[in-house]
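Novice: Structure: data-v6.tsv, TSV, C-alpha atoms.
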```tsv
chain	number	residue	atom	x	y	z
A	1	MET	CA	-58.98	-59.25	-12.71
A	2	SER	CA	-60.64	-55.84	-12.61
A	3	LEU	CA	-58.77	-53.09	-10.83
A	4	GLN	CA	-59.67	-52.45	-7.24
A	5	PRO	CA	-60.78	-48.84	-6.74
A	6	GLN	CA	-58.09	-46.66	-5.18
A	7	ARG	CA	-58.06	-43.18	-3.65
A	8	GLN	CA	-54.34	-42.47	-4.01
A	9	ILE	CA	-51.42	-44.67	-4.99
A	10	LEU	CA	-47.88	-44.36	-3.69
A	11	VAL	CA	-45.17	-46.15	-5.67
A	12	VAL	CA	-41.86	-46.64	-3.87
A	13	PHE	CA	-38.90	-48.11	-5.73
A	14	PRO	CA	-35.18	-47.42	-5.49
A	15	HIS	CA	-34.13	-47.24	-9.15
A	16	PRO	CA	-35.38	-45.48	-12.26
A	17	ASP	CA	-36.80	-48.38	-14.35
A	18	ASP	CA	-37.92	-50.59	-11.40
A	19	GLU	CA	-41.37	-49.11	-11.88
A	20	ALA	CA	-41.39	-49.59	-15.65
A	21	PHE	CA	-40.62	-53.30	-15.55
A	22	SER	CA	-42.94	-54.15	-12.69
A	23	SER	CA	-45.82	-51.71	-12.72
A	24	ALA	CA	-45.95	-49.33	-15.68
A	25	GLY	CA	-49.13	-50.87	-17.09
A	26	THR	CA	-50.93	-50.88	-13.76
A	27	ILE	CA	-49.92	-47.29	-13.12
A	28	ARG	CA	-51.09	-46.23	-16.58
A	29	LEU	CA	-54.45	-47.99	-16.10
A	30	TYR	CA	-55.02	-46.22	-12.78
A	31	ARG	CA	-53.96	-42.87	-14.23
A	32	ASN	CA	-56.44	-43.40	-17.08
A	33	MET	CA	-59.09	-43.77	-14.37
A	34	GLY	CA	-57.95	-40.50	-12.80
A	35	VAL	CA	-56.40	-42.02	-9.67
A	36	PRO	CA	-53.52	-39.86	-8.43
A	37	VAL	CA	-50.16	-41.64	-8.39
A	38	THR	CA	-47.04	-40.42	-6.60
A	39	TYR	CA	-43.76	-42.11	-7.42
A	40	ALA	CA	-40.99	-41.86	-4.84
A	41	CYS	CA	-37.82	-43.01	-6.59
A	42	LEU	CA	-35.13	-43.30	-3.96
A	43	THR	CA	-31.98	-43.08	-6.12
A	44	LEU	CA	-31.01	-42.18	-9.66
A	45	GLY	CA	-29.43	-45.56	-10.35
A	46	GLU	CA	-26.03	-43.88	-10.14
A	47	MET	CA	-24.25	-47.22	-10.03
A	48	GLY	CA	-25.87	-48.69	-13.11
A	49	ARG	CA	-23.35	-50.85	-14.90
A	50	ASN	CA	-24.43	-50.43	-18.48
A	51	LEU	CA	-22.32	-47.66	-19.98
A	52	GLY	CA	-22.05	-49.21	-23.45
A	53	ASN	CA	-18.97	-50.26	-25.39
A	54	PRO	CA	-18.12	-47.90	-26.97
A	55	PRO	CA	-19.45	-46.02	-23.94
A	56	PHE	CA	-22.29	-43.48	-24.12
A	57	ALA	CA	-21.80	-42.31	-20.53
A	58	THR	CA	-19.37	-42.20	-17.62
A	59	ARG	CA	-19.96	-43.12	-14.01
A	60	GLU	CA	-20.31	-39.37	-13.37
A	61	SER	CA	-22.61	-38.50	-16.27
A	62	LEU	CA	-24.98	-41.46	-15.82
A	63	PRO	CA	-27.12	-39.97	-13.00
A	64	GLU	CA	-28.24	-36.99	-15.08
A	65	ILE	CA	-29.02	-39.26	-18.04
A	66	ARG	CA	-31.13	-41.49	-15.80
A	67	ARG	CA	-32.87	-38.50	-14.22
A	68	GLN	CA	-34.02	-37.38	-17.66
A	69	GLU	CA	-35.07	-40.93	-18.56
A	70	LEU	CA	-37.09	-41.17	-15.36
A	71	ILE	CA	-38.90	-37.93	-16.11
A	72	ALA	CA	-39.67	-39.15	-19.64
A	73	ALA	CA	-40.89	-42.54	-18.38
A	74	CYS	CA	-43.21	-40.84	-15.89
A	75	LYS	CA	-44.78	-38.89	-18.76
A	76	GLU	CA	-45.52	-42.19	-20.53
A	77	MET	CA	-47.11	-43.63	-17.40
A	78	GLY	CA	-49.04	-40.43	-16.69
A	79	ILE	CA	-47.32	-39.86	-13.35
A	80	GLU	CA	-47.56	-36.19	-12.48
A	81	ASP	CA	-46.04	-36.36	-9.00
A	82	LEU	CA	-42.49	-37.70	-9.19
A	83	ARG	CA	-40.29	-37.40	-6.11
A	84	MET	CA	-36.57	-38.01	-6.47
A	85	MET	CA	-35.45	-38.80	-2.93
A	86	GLY	CA	-31.72	-38.21	-3.33
A	87	LEU	CA	-30.26	-41.44	-1.96
A	88	ARG	CA	-27.38	-43.16	-3.71
A	89	ASP	CA	-27.74	-46.38	-5.63
A	90	LYS	CA	-26.47	-49.47	-3.77
A	91	THR	CA	-26.25	-47.65	-0.43
A	92	VAL	CA	-29.93	-47.76	0.59
A	93	GLU	CA	-29.46	-50.77	2.89
A	94	PHE	CA	-26.68	-48.96	4.75
A	95	GLU	CA	-28.80	-45.91	5.58
A	96	ASP	CA	-30.08	-45.65	9.14
A	97	ASP	CA	-33.20	-47.85	9.39
A	98	GLU	CA	-35.16	-45.22	11.33
A	99	LYS	CA	-34.29	-42.58	8.75
A	100	MET	CA	-35.73	-44.87	6.07
A	101	VAL	CA	-38.92	-45.36	8.07
A	102	SER	CA	-39.21	-41.60	8.55
A	103	LEU	CA	-38.77	-41.06	4.82
A	104	VAL	CA	-41.63	-43.44	4.00
A	105	LYS	CA	-43.77	-42.19	6.88
A	106	SER	CA	-43.55	-38.59	5.72
A	107	LEU	CA	-44.83	-39.64	2.28
A	108	ILE	CA	-47.69	-41.67	3.78
A	109	ASP	CA	-48.63	-38.87	6.20
A	110	GLU	CA	-48.74	-36.37	3.37
A	111	LEU	CA	-50.50	-38.49	0.73
A	112	ASN	CA	-52.69	-40.91	2.73
A	113	PRO	CA	-52.41	-43.59	0.04
A	114	SER	CA	-54.93	-46.42	-0.19
A	115	LEU	CA	-52.38	-48.54	-2.08
A	116	ILE	CA	-48.59	-48.73	-1.99
A	117	ILE	CA	-46.69	-50.50	-4.77
A	118	THR	CA	-43.19	-51.65	-3.79
A	119	PHE	CA	-41.03	-54.76	-3.56
A	120	LEU	CA	-41.69	-57.91	-1.54
A	121	PRO	CA	-39.21	-58.24	1.35
A	122	GLY	CA	-37.05	-61.33	1.07
A	123	TYR	CA	-37.88	-61.90	-2.60
A	124	SER	CA	-36.64	-58.85	-4.46
A	125	VAL	CA	-33.01	-59.83	-5.18
A	126	HIS	CA	-31.21	-56.45	-5.19
A	127	PRO	CA	-30.07	-55.10	-1.80
A	128	ASP	CA	-31.66	-51.71	-2.55
A	129	HIS	CA	-34.95	-53.43	-3.40
A	130	GLU	CA	-34.87	-55.32	-0.12
A	131	ALA	CA	-34.04	-52.21	1.89
A	132	THR	CA	-36.84	-50.27	0.23
A	133	ALA	CA	-39.34	-53.04	0.88
A	134	ARG	CA	-38.26	-53.41	4.51
A	135	ALA	CA	-38.70	-49.68	5.10
A	136	VAL	CA	-42.17	-49.61	3.53
A	137	PHE	CA	-43.40	-52.70	5.35
A	138	GLU	CA	-42.03	-51.53	8.69
A	139	THR	CA	-43.62	-48.11	8.30
A	140	VAL	CA	-47.01	-49.60	7.47
A	141	ARG	CA	-46.69	-52.09	10.31
A	142	ARG	CA	-46.32	-49.20	12.76
A	143	MET	CA	-49.56	-47.56	11.60
A	144	PRO	CA	-52.88	-48.13	13.37
A	145	LYS	CA	-54.48	-51.19	11.73
A	146	GLU	CA	-57.52	-49.31	10.46
A	147	ASN	CA	-55.36	-46.78	8.60
A	148	ARG	CA	-52.99	-49.16	6.85
A	149	PRO	CA	-52.90	-49.03	3.07
A	150	THR	CA	-52.93	-52.19	1.01
A	151	ILE	CA	-49.53	-53.13	-0.41
A	152	TYR	CA	-48.96	-54.62	-3.84
A	153	ALA	CA	-45.53	-56.20	-3.58
A	154	VAL	CA	-43.28	-57.28	-6.44
A	155	GLY	CA	-41.24	-60.44	-5.90
A	156	PHE	CA	-39.00	-61.99	-8.52
A	157	ALA	CA	-36.34	-63.97	-6.67
A	158	ASN	CA	-35.86	-67.43	-8.15
A	159	ASN	CA	-37.54	-69.03	-5.12
A	160	THR	CA	-40.51	-66.64	-4.92
A	161	ILE	CA	-43.24	-68.88	-6.34
A	162	ALA	CA	-41.88	-71.98	-4.57
A	163	ASP	CA	-42.10	-70.15	-1.24
A	164	LYS	CA	-45.05	-67.81	-1.67
A	165	GLY	CA	-47.18	-69.43	-4.35
A	166	GLU	CA	-48.41	-67.59	-7.41
A	167	PRO	CA	-48.89	-63.82	-7.08
A	168	THR	CA	-52.35	-63.03	-5.76
A	169	ILE	CA	-52.98	-60.09	-8.05
A	170	GLN	CA	-52.64	-60.40	-11.80
A	171	ILE	CA	-53.43	-57.29	-13.78
A	172	ASP	CA	-54.03	-57.54	-17.51
A	173	VAL	CA	-52.16	-54.58	-18.99
A	174	SER	CA	-52.59	-55.58	-22.65
A	175	SER	CA	-54.66	-52.49	-23.38
A	176	VAL	CA	-51.79	-50.22	-22.30
A	177	LYS	CA	-49.00	-52.43	-23.63
A	178	LEU	CA	-47.68	-49.67	-25.86
A	179	ASP	CA	-47.55	-47.22	-22.96
A	180	LYS	CA	-45.59	-49.77	-20.97
A	181	LEU	CA	-43.24	-50.32	-23.88
A	182	LYS	CA	-42.72	-46.55	-24.19
A	183	ALA	CA	-41.97	-46.29	-20.48
A	184	LEU	CA	-39.40	-49.05	-20.84
A	185	GLN	CA	-37.95	-47.39	-23.91
A	186	ALA	CA	-37.68	-44.11	-22.02
A	187	HIS	CA	-35.15	-45.84	-19.77
A	188	ALA	CA	-33.00	-46.42	-22.82
A	189	SER	CA	-29.68	-46.52	-20.97
A	190	GLN	CA	-30.99	-49.57	-19.12
A	191	THR	CA	-33.33	-51.21	-21.59
A	192	ALA	CA	-32.02	-50.58	-25.10
A	193	TRP	CA	-30.20	-53.93	-25.23
A	194	MET	CA	-33.26	-55.73	-23.90
A	195	ILE	CA	-35.68	-54.14	-26.33
A	196	GLU	CA	-33.26	-54.87	-29.15
A	197	GLU	CA	-33.15	-58.49	-28.04
A	198	ASN	CA	-36.93	-58.69	-27.93
A	199	THR	CA	-37.30	-57.07	-31.32
A	200	LYS	CA	-34.97	-59.72	-32.66
A	201	ARG	CA	-36.99	-62.45	-31.00
A	202	THR	CA	-40.21	-61.02	-32.41
A	203	ASP	CA	-38.60	-60.93	-35.86
A	204	GLU	CA	-37.71	-64.58	-35.44
A	205	GLY	CA	-41.34	-65.40	-34.77
A	206	GLN	CA	-41.04	-65.69	-31.01
A	207	PRO	CA	-43.31	-63.04	-29.54
A	208	MET	CA	-42.20	-61.11	-26.49
A	209	SER	CA	-42.74	-62.88	-23.27
A	210	ASP	CA	-46.26	-62.41	-21.97
A	211	SER	CA	-44.91	-62.10	-18.49
A	212	TRP	CA	-44.05	-58.43	-18.56
A	213	LEU	CA	-45.95	-56.82	-21.44
A	214	HIS	CA	-49.36	-58.38	-20.93
A	215	TYR	CA	-49.61	-59.08	-17.23
A	216	GLU	CA	-48.26	-57.49	-14.08
A	217	ARG	CA	-48.28	-59.63	-10.99
A	218	PHE	CA	-48.19	-58.62	-7.37
A	219	TYR	CA	-48.56	-60.14	-3.94
A	220	GLU	CA	-51.34	-58.29	-2.17
A	221	VAL	CA	-50.31	-57.73	1.42
A	222	ASN	CA	-52.60	-56.47	4.13
A	223	LEU	CA	-50.49	-56.36	7.27
A	224	GLU	CA	-52.57	-57.59	10.18
A	225	ASP	CA	-49.98	-58.08	12.95
B	1	MET	CA	-14.59	-42.11	-22.71
B	2	LYS	CA	-12.19	-43.52	-25.24
B	3	GLU	CA	-10.02	-46.60	-25.27
B	4	VAL	CA	-6.85	-46.40	-23.24
B	5	GLN	CA	-3.87	-44.77	-24.89
B	6	VAL	CA	-1.09	-45.59	-22.50
B	7	ASN	CA	1.17	-42.59	-23.02
B	8	GLU	CA	-1.62	-40.05	-22.81
B	9	LEU	CA	-3.19	-41.68	-19.76
B	10	GLN	CA	0.22	-41.91	-18.05
B	11	GLU	CA	0.66	-38.17	-18.51
B	12	LEU	CA	-2.79	-37.49	-17.07
B	13	LEU	CA	-2.02	-39.71	-14.07
B	14	ASN	CA	1.26	-37.85	-13.56
B	15	SER	CA	-0.58	-34.52	-13.54
B	16	PHE	CA	-2.42	-35.48	-10.31
B	17	ALA	CA	0.70	-36.72	-8.49
B	18	ASN	CA	1.76	-35.00	-5.27
B	19	LYS	CA	-1.60	-33.26	-4.95
B	20	ASP	CA	-4.47	-33.85	-2.56
B	21	VAL	CA	-7.04	-35.65	-4.71
B	22	TYR	CA	-10.39	-37.34	-4.21
B	23	ILE	CA	-10.84	-40.83	-5.56
B	24	HIS	CA	-13.69	-43.08	-6.56
B	25	LEU	CA	-12.81	-46.76	-6.75
B	26	GLU	CA	-15.34	-49.44	-7.54
B	27	THR	CA	-15.43	-53.06	-8.56
B	28	THR	CA	-18.63	-54.96	-9.21
B	29	ASN	CA	-20.17	-58.05	-10.76
B	30	GLY	CA	-23.57	-56.39	-10.65
B	31	ALA	CA	-26.22	-56.86	-8.00
B	32	TYR	CA	-27.93	-59.54	-10.06
B	33	ALA	CA	-24.87	-61.74	-10.67
B	34	SER	CA	-25.96	-64.57	-8.40
B	35	HIS	CA	-29.63	-64.14	-9.37
B	36	PHE	CA	-28.80	-64.99	-12.97
B	37	ASP	CA	-26.17	-67.60	-12.08
B	38	GLU	CA	-26.30	-69.11	-8.63
B	39	LYS	CA	-22.74	-70.37	-9.00
B	40	VAL	CA	-21.40	-66.81	-9.02
B	41	PHE	CA	-19.91	-65.62	-5.75
B	42	ASN	CA	-20.85	-61.97	-5.77
B	43	ALA	CA	-18.19	-59.63	-4.45
B	44	GLY	CA	-17.38	-55.99	-4.99
B	45	ALA	CA	-16.05	-52.92	-3.27
B	46	PHE	CA	-16.80	-49.21	-3.45
B	47	ILE	CA	-15.12	-46.15	-2.03
B	48	ARG	CA	-15.92	-42.56	-3.02
B	49	ASN	CA	-14.63	-39.16	-2.10
B	50	VAL	CA	-11.70	-40.32	-0.07
B	51	LYS	CA	-8.83	-37.88	-0.13
B	52	ILE	CA	-5.43	-39.31	-0.93
B	53	ARG	CA	-2.08	-38.10	-2.17
B	54	TYR	CA	0.06	-40.28	-4.39
B	55	GLU	CA	3.67	-39.87	-5.34
B	56	LEU	CA	3.83	-42.29	-8.25
B	57	ALA	CA	1.27	-43.53	-10.75
B	58	LYS	CA	1.82	-46.19	-13.32
B	59	ILE	CA	-0.30	-47.73	-16.03
B	60	ILE	CA	0.72	-51.17	-17.24
B	61	ASN	CA	0.45	-51.77	-20.96
B	62	ASP	CA	-1.54	-54.99	-20.86
B	63	THR	CA	-5.09	-55.61	-22.01
B	64	PRO	CA	-7.11	-54.78	-20.04
B	65	HIS	CA	-4.82	-52.34	-18.30
B	66	ARG	CA	-3.84	-52.07	-14.67
B	67	VAL	CA	-3.34	-48.74	-12.92
B	68	GLY	CA	-1.49	-48.43	-9.62
B	69	LEU	CA	-1.01	-45.40	-7.37
B	70	LYS	CA	1.77	-45.47	-4.80
B	71	MET	CA	1.15	-43.39	-1.70
B	72	ASN	CA	3.48	-42.50	1.12
B	73	HIS	CA	1.90	-45.18	3.32
B	74	GLY	CA	0.06	-47.48	0.96
B	75	TRP	CA	-1.35	-48.32	-2.41
B	76	VAL	CA	-4.39	-48.01	-4.65
B	77	TYR	CA	-4.77	-50.10	-7.77
B	78	ALA	CA	-7.40	-51.08	-10.29
B	79	GLN	CA	-7.32	-53.98	-12.70
B	80	GLY	CA	-9.31	-54.18	-15.92
B	81	ILE	CA	-9.20	-50.55	-17.11
B	82	THR	CA	-10.24	-50.17	-20.77
B	83	HIS	CA	-11.51	-46.58	-21.18
B	84	TYR	CA	-10.85	-43.09	-19.84
B	85	GLU	CA	-11.52	-39.42	-20.27
B	86	LEU	CA	-10.62	-36.14	-18.67
B	87	ASP	CA	-14.12	-34.75	-18.17
B	88	GLU	CA	-15.34	-31.15	-18.37
B	89	LYS	CA	-14.59	-30.69	-14.68
B	90	GLY	CA	-10.97	-31.78	-15.07
B	91	ARG	CA	-11.57	-35.15	-13.43
B	92	LEU	CA	-9.76	-38.22	-14.69
B	93	LEU	CA	-12.41	-40.92	-15.15
B	94	MET	CA	-11.16	-44.43	-15.86
B	95	ALA	CA	-13.36	-47.47	-16.28
B	96	GLY	CA	-13.17	-51.09	-17.26
B	97	LEU	CA	-16.06	-52.00	-19.53
B	98	ASP	CA	-16.69	-55.65	-20.27
B	99	PHE	CA	-17.47	-57.03	-23.72
B	100	THR	CA	-21.15	-56.14	-23.37
B	101	GLY	CA	-20.47	-52.56	-22.23
B	102	LYS	CA	-21.05	-53.12	-18.54
B	103	LEU	CA	-18.82	-51.43	-16.02
B	104	ALA	CA	-16.70	-53.88	-14.06
B	105	VAL	CA	-14.25	-51.49	-12.43
B	106	ALA	CA	-13.87	-47.72	-12.09
B	107	LEU	CA	-11.05	-45.54	-10.82
B	108	GLU	CA	-11.58	-41.78	-10.83
B	109	ILE	CA	-9.31	-39.00	-9.64
B	110	SER	CA	-10.36	-35.41	-9.01
B	111	GLU	CA	-9.00	-32.33	-7.27
B	112	THR	CA	-12.56	-31.43	-6.21
B	113	PRO	CA	-14.99	-33.75	-4.43
B	114	PHE	CA	-17.30	-35.91	-6.51
B	115	SER	CA	-21.05	-35.46	-6.02
B	116	TYR	CA	-22.71	-37.37	-3.15
```
Before anything else, please render the file you have as structure tokens.
Specialist:
Amino acid sequence: MSLQPQRQILVVFPHPDDEAFSSAGTIRLYRNMGVPVTYACLTLGEMGRNLGNPPFATRESLPEIRRQELIAACKEMGIEDLRMMGLRDKTVEFEDDEKMVSLVKSLIDELNPSLIITFLPGYSVHPDHEATARAVFETVRRMPKENRPTIYAVGFANNTIADKGEPTIQIDVSSVKLDKLKALQAHASQTAWMIEENTKRTDEGQPMSDSWLHYERFYEVNLED
Amino acid sequence: MKEVQVNELQELLNSFANKDVYIHLETTNGAYASHFDEKVFNAGAFIRNVKIRYELAKIINDTPHRVGLKMNHGWVYAQGITHYELDEKGRLLMAGLDFTGKLAVALEISETPFSY
């Protein structure tokens, strides 16, 4: 599928690396076309569990490590406007709902995006993902219909395809596969084990899964109600 | 962080006794536990920057270790502690890392508040 033209893209995810897994190729393709992309990353993944054994980080040193990884990943994706929103990992759902809507609204008012990339409510597994998606969808729902941006929503719960069918947007990111890989590698504290595993699988003659290095899949949502 | 050395960690725990201290206590299976295995009942707890004062601290020499803090009117304990360090800010950071290096439990003690 060829990329739909966009004026401005707003990416909203709660954790450094959410964007790399789900959307790095799509973001890189749009950046190569000159489309401005703003990434609002709500937390620094402060509660990430992977500290290594022997450990390379502590609970208290992890946020700064992930901040640097996020900055490096954005360079690989070509994102020049990164906003770190200062919430804490695993607490997003407990924030005041109206505060969350205000946070998203202020970004939309400032940037006037034609496309928002975020999670799909009900199908995004992690409580922070769900809270982020709810805030984005609610904010867009409150906008006048004619002004609403399109949403590309990422769903990966085990029941997603059974409930929602196949994703409606499939973007071939093969041409920027290496950029996506570099973005994933930039989040080394989170992905080193996974990339190691995939390297091993490639060595054993099983190529990396097509699902996340060749295609990125989204549910296109145009809120009409 | 390094692996628990009971005597050294006991001394560090003693050094915070009878002082007002902030604690971070956390247990987790990870947010994805029941996504990867639907049979897992996912439970955890988190508390950060709560001020306490304990009169007695004890680390039990078992593997993984247990650490208990006795307060005037209650208790704090953590099970599964494997690693610790006294960081550059003088905070005692203890964690239980599973066999794959993932944090399962954390107990941290500091005389100054932790970040947000």
Novice: Residues near Ser189 in chain A, anyone? I mean within 10 Å using all atoms listed in the file, not counting same-chain ones fewer than 4 positions away, as a PyMOL selection string.
Specialist: chain A and resi 17+48-52+56-57+62+65-66+69+185+193
Novice: Grab the CA of Ile60 in chain B to CA of Pro55 in chain A distance for me, in Å with one decimal place.
Specialist: 21.9 Å
Novice: Could you pull the residues within 7 Å of Cys41 in chain A, counting all atoms listed in the file, minus those fewer than 2 positions along the same chain, as a short mmCIF file (atom, residue, chain, number, x, y, z; two decimals) with C-alpha atoms, in the frame of the given file?
Specialist:
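Written out: out_26.cif:
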```cif
data_model
loop_
_atom_site.label_atom_id
_atom_site.label_comp_id
_atom_site.auth_asym_id
_atom_site.auth_seq_id
_atom_site.Cartn_x
_atom_site.Cartn_y
_atom_site.Cartn_z
CA VAL A 12 -41.86 -46.64 -3.87
CA PHE A 13 -38.90 -48.11 -5.73
CA PRO A 14 -35.18 -47.42 -5.49
CA HIS A 15 -34.13 -47.24 -9.15
CA PRO A 16 -35.38 -45.48 -12.26
CA TYR A 39 -43.76 -42.11 -7.42
CA THR A 43 -31.98 -43.08 -6.12
CA ARG A 83 -40.29 -37.40 -6.11
CA MET A 84 -36.57 -38.01 -6.47
CA MET A 85 -35.45 -38.80 -2.93
#
```
Novice: If we count all atoms listed in the file and set the cut-off at 12 Å, which residues sit around range 168-180 of chain A, ignoring sequence neighbours fewer than 2 positions away in its own chain? Please answer as a count of residues only.
Specialist: 56
Novice: Counting all atoms listed in the file, which residue out of B:Asn61, B:Gln5, B:Thr82, B:Asn72 sits closest to chain A?
Specialist: B:Thr82
Novice: Find the residues in chain B near chain A: any atom within 8 Å counts, using all atoms listed in the file. Write them as a ChimeraX atom specification.
Specialist: /B:1-2,30-32,35,93,97-104,106,116
Novice: Provide the CA of His24 in chain B to CA of Asp62 in chain B distance in Å, to one decimal place.
Specialist: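 Separating CA of His24 in chain B from CA of Asp62 in chain B is a distance of 22.2 Å.
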Novice: Pick the closest to Leu115 in chain A from A:Leu82, A:Leu103, A:Val140, A:Ala192: which is it, counting only C-alpha atoms?
Specialist: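 Ranking A:Leu82, A:Leu103, A:Val140, A:Ala192 by distance to Leu115 in chain A, first place goes to A:Val140.
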Novice: So how many Å separate CA of Ser110 in chain B and CA of Tyr22 in chain B, to one decimal?
Specialist: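 Interatomic distance, CA of Ser110 in chain B to CA of Tyr22 in chain B: 5.2 Å.
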Novice: What's the 10 Å shell around Lys89 in chain B, counting only C-alpha atoms, without same-chain residues fewer than 3 positions away, as a CSV table (one decimal) with C-alpha atoms, keeping the file's coordinate frame?
Specialist:
```
chain,number,residue,atom,x,y,z
B,86,LEU,CA,-10.6,-36.1,-18.7
B,92,LEU,CA,-9.8,-38.2,-14.7
B,110,SER,CA,-10.4,-35.4,-9.0
B,111,GLU,CA,-9.0,-32.3,-7.3
B,112,THR,CA,-12.6,-31.4,-6.2
```
Novice: From the set B:Gly44, B:Phe36, B:Ile109, B:Gly80, which residue has the shortest atom-to-atom contact distance to Lys19 in chain B, counting all atoms listed in the file?
Specialist: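 Ranking B:Gly44, B:Phe36, B:Ile109, B:Gly80 by distance to Lys19 in chain B, first place goes to B:Ile109.
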Novice: Kindly output range 61-72 of chain B as a CSV table (one decimal), in the coordinates of the input, after building N, CA and C atoms.
Specialist:
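Now in result.csv:
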```csv
chain,number,residue,atom,x,y,z
B,61,ASN,N,0.9,-51.6,-19.6
B,61,ASN,CA,0.4,-51.8,-21.0
B,61,ASN,C,0.1,-53.2,-21.2
B,62,ASP,N,-1.0,-53.6,-20.7
B,62,ASP,CA,-1.5,-55.0,-20.9
B,62,ASP,C,-3.0,-54.8,-21.2
B,63,THR,N,-3.7,-55.8,-21.7
B,63,THR,CA,-5.1,-55.6,-22.0
B,63,THR,C,-5.9,-56.6,-21.3
B,64,PRO,N,-6.9,-56.2,-20.4
B,64,PRO,CA,-7.1,-54.8,-20.0
B,64,PRO,C,-6.0,-54.3,-19.1
B,65,HIS,N,-6.0,-53.0,-19.0
B,65,HIS,CA,-4.8,-52.3,-18.3
B,65,HIS,C,-5.0,-52.4,-16.8
B,66,ARG,N,-3.8,-52.2,-16.1
B,66,ARG,CA,-3.8,-52.1,-14.7
B,66,ARG,C,-3.2,-50.7,-14.4
B,67,VAL,N,-3.8,-50.1,-13.3
B,67,VAL,CA,-3.3,-48.7,-12.9
B,67,VAL,C,-3.1,-48.8,-11.4
B,68,GLY,N,-1.9,-48.4,-11.0
B,68,GLY,CA,-1.5,-48.4,-9.6
B,68,GLY,C,-1.0,-47.0,-9.2
B,69,LEU,N,-1.4,-46.7,-8.0
B,69,LEU,CA,-1.0,-45.4,-7.4
B,69,LEU,C,-0.2,-45.7,-6.1
B,70,LYS,N,1.0,-45.3,-6.0
B,70,LYS,CA,1.8,-45.5,-4.8
B,70,LYS,C,1.7,-44.2,-3.9
B,71,MET,N,1.3,-44.5,-2.7
B,71,MET,CA,1.2,-43.4,-1.7
B,71,MET,C,2.3,-43.5,-0.7
B,72,ASN,N,2.4,-42.5,0.1
B,72,ASN,CA,3.5,-42.5,1.1
B,72,ASN,C,3.4,-43.7,2.0
```
